[in-house]
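Trainee: Before I ask anything, let me first share the structure, which is written out below as structure tokens.
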Amino acid sequence: MHERPWAWPLLVTLITLLSLGLRLHYVVHAQVLQPVYDQQHVRADGVEYYAYARNLVQHRTFSMAPESGAPPAADSFRDPGYPVFLAAWMATWPDWDPWYAAVLLSQAVLGGLTVPLGMMLARRWMPLPWLAAAGTLMALWPHSIAINSFILSESLVGFQTVAGLVWRGRALDAGRRTAAMGGTAVLAMAGMSNAVLMPAAAVAALWVAACRRINRQTALALLVFPFLLCAAWQARNALLVTSSRPPDGH
């Protein structure tokens, strides 16, 4: 069946509006408990992410230590990507209310844009009716709507992963190696928020090379940013471990 030229742009526009509208409406009206203040008695991912962001802004230290009179000790329990995202908003709006609103609204936007990006990724192999069904399901999926109202990394990581794949795929299709490196950098940034994804950028580059879609030089170029980000973070952690060791004989 012949696809009308206006059908795909119209479909993406409608699904994007639906996806963004639902997520923004939810985060504006939902009341979600975020127990970030009671850090002595509550243990949750959101509490730790908030502590990292606060210590980054107030002490320039990556640490999940609770507030105290002493400078926090640096650690590496969490990956740095999402705390840096939170800290960027906190540096702009230090007070809780505007910071919290900025985080939730930005996560809703990221979550909403992940849906059309996912459709763009699937357009390679799915016909338009199936894309419409998949896009509608992604836009309406309850968990992907509700997750944006929590101080958790899923919204950021999901957006970066899908955006990086779409960016890299389109750049490779156009034969633009430098642009494809940008897409791989976005994938690597997703890995900096969830270390499980860090090998994904490298595996994806090697897989495309194995399928003979790119040559060896392009595959190596795509590995630059994942390697640099991972190496820099691991070097920081190695220095942290070395500096925390007691002197010999103690």
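We name chains A, B, ... following the order of the structure tokens; residues begin at 1 in each chain, and ligands are numbered from 1 as shown.
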Which residues come within 7 Å of stretch 137-153 of chain A, counting only C-alpha atoms, excluding same-chain residues fewer than 4 positions away, as a ChimeraX atom specification?

Mentor: /A:15,18-19,23,27,32,45-46,82,104,107-108,111,115,133,157,193

Trainee: Take the residues just selected and output them with N, CA, C and O atoms as an mmCIF file, in the first residue's frame.

Mentor:
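Generated output (selection08.cif):
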data_model
loop_
_atom_site.group_PDB
_atom_site.id
_atom_site.type_symbol
_atom_site.label_atom_id
_atom_site.label_comp_id
_atom_site.auth_asym_id
_atom_site.auth_seq_id
_atom_site.Cartn_x
_atom_site.Cartn_y
_atom_site.Cartn_z
ATOM 1 N N ILE A 15 1.285 11.972 17.747
ATOM 2 C CA ILE A 15 1.765 11.126 18.835
ATOM 3 C C ILE A 15 2.639 11.932 19.794
ATOM 4 O O ILE A 15 2.570 11.757 21.019
ATOM 5 N N LEU A 18 0.372 14.038 21.971
ATOM 6 C CA LEU A 18 -0.293 13.181 22.947
ATOM 7 C C LEU A 18 0.668 12.778 24.059
ATOM 8 O O LEU A 18 0.332 12.852 25.249
ATOM 9 N N SER A 19 1.857 12.358 23.673
ATOM 10 C CA SER A 19 2.843 11.900 24.647
ATOM 11 C C SER A 19 3.260 13.027 25.595
ATOM 12 O O SER A 19 3.288 12.856 26.821
ATOM 13 N N ARG A 23 2.177 13.438 29.801
ATOM 14 C CA ARG A 23 3.233 13.464 30.814
ATOM 15 C C ARG A 23 3.294 14.799 31.548
ATOM 16 O O ARG A 23 3.483 14.835 32.769
ATOM 17 N N VAL A 27 2.624 15.210 35.666
ATOM 18 C CA VAL A 27 3.573 15.737 36.651
ATOM 19 C C VAL A 27 3.081 17.044 37.264
ATOM 20 O O VAL A 27 3.464 17.389 38.392
ATOM 21 N N VAL A 32 3.365 13.286 44.507
ATOM 22 C CA VAL A 32 4.230 12.135 44.753
ATOM 23 C C VAL A 32 5.168 12.454 45.906
ATOM 24 O O VAL A 32 5.840 13.490 45.903
ATOM 25 N N ASP A 45 16.614 5.383 46.088
ATOM 26 C CA ASP A 45 17.470 5.932 45.045
ATOM 27 C C ASP A 45 17.348 7.447 44.969
ATOM 28 O O ASP A 45 18.345 8.158 44.805
ATOM 29 N N GLY A 46 16.112 7.955 45.062
ATOM 30 C CA GLY A 46 15.906 9.387 44.959
ATOM 31 C C GLY A 46 16.626 10.167 46.039
ATOM 32 O O GLY A 46 17.140 11.264 45.796
ATOM 33 N N TYR A 82 23.089 11.200 36.080
ATOM 34 C CA TYR A 82 21.830 11.750 36.585
ATOM 35 C C TYR A 82 22.043 12.751 37.717
ATOM 36 O O TYR A 82 21.367 13.791 37.744
ATOM 37 N N LEU A 104 10.872 17.753 37.386
ATOM 38 C CA LEU A 104 9.741 16.952 36.911
ATOM 39 C C LEU A 104 9.297 17.378 35.513
ATOM 40 O O LEU A 104 9.001 16.528 34.664
ATOM 41 N N GLN A 107 11.839 16.169 32.994
ATOM 42 C CA GLN A 107 11.732 14.723 32.809
ATOM 43 C C GLN A 107 10.494 14.368 31.994
ATOM 44 O O GLN A 107 10.519 13.437 31.180
ATOM 45 N N ALA A 108 9.411 15.105 32.200
ATOM 46 C CA ALA A 108 8.208 14.860 31.410
ATOM 47 C C ALA A 108 8.463 15.152 29.935
ATOM 48 O O ALA A 108 8.003 14.411 29.053
ATOM 49 N N GLY A 111 10.692 12.347 28.620
ATOM 50 C CA GLY A 111 9.890 11.140 28.444
ATOM 51 C C GLY A 111 8.941 11.248 27.266
ATOM 52 O O GLY A 111 8.737 10.285 26.518
ATOM 53 N N VAL A 115 9.107 8.962 22.976
ATOM 54 C CA VAL A 115 8.116 8.207 22.198
ATOM 55 C C VAL A 115 8.292 8.434 20.692
ATOM 56 O O VAL A 115 8.438 7.462 19.934
ATOM 57 N N ALA A 133 0.237 2.168 15.934
ATOM 58 C CA ALA A 133 -0.160 1.389 17.106
ATOM 59 C C ALA A 133 0.925 1.414 18.178
ATOM 60 O O ALA A 133 0.640 1.618 19.368
ATOM 61 N N VAL A 157 17.852 8.507 31.074
ATOM 62 C CA VAL A 157 18.567 7.415 30.416
ATOM 63 C C VAL A 157 17.803 6.925 29.188
ATOM 64 O O VAL A 157 18.393 6.678 28.129
ATOM 65 N N SER A 193 24.910 7.445 33.275
ATOM 66 C CA SER A 193 23.824 7.449 34.250
ATOM 67 C C SER A 193 23.430 6.044 34.667
ATOM 68 O O SER A 193 22.844 5.848 35.726
#

Trainee: Between A:Arg236, A:Arg54, A:Arg123, A:Arg60, which has the minimum distance to A:Trp99 (counting only C-alpha atoms)?

Mentor: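 Closest candidate: A:Arg54.
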
Trainee: Go ahead and compute the interatomic distance for atom CA of A:Ala65 and atom CA of A:Gln31, in Å to one decimal.

Mentor: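 Here the two named atoms are 26.9 Å from each other.
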
Trainee: Do you have the atom CA of A:Cys230-atom CA of A:Val196 distance handy?

Mentor: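 Atom-to-atom, atom CA of A:Cys230 to atom CA of A:Val196, that is 11.8 Å.
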
Trainee: Restricting the calculation to only C-alpha atoms, which member of A:Leu110, A:Pro80, A:Ala74, A:Ala209 is positioned closest to A:Leu229?

Mentor: A:Pro80

Trainee: Provide the atom CA of A:Arg177 to atom CA of A:Leu113 distance in Å, to one decimal place.

Mentor: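 For atom CA of A:Arg177 relative to atom CA of A:Leu113, the distance reads 24.8 Å.
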
Trainee: Excluding A:Glu48 and residues on its chain fewer than 4 positions from it, collect all residues at most 7 Å away from it, counting only C-alpha atoms, and give them as a PyMOL selection string.

Mentor: chain A and resi 44+52+64
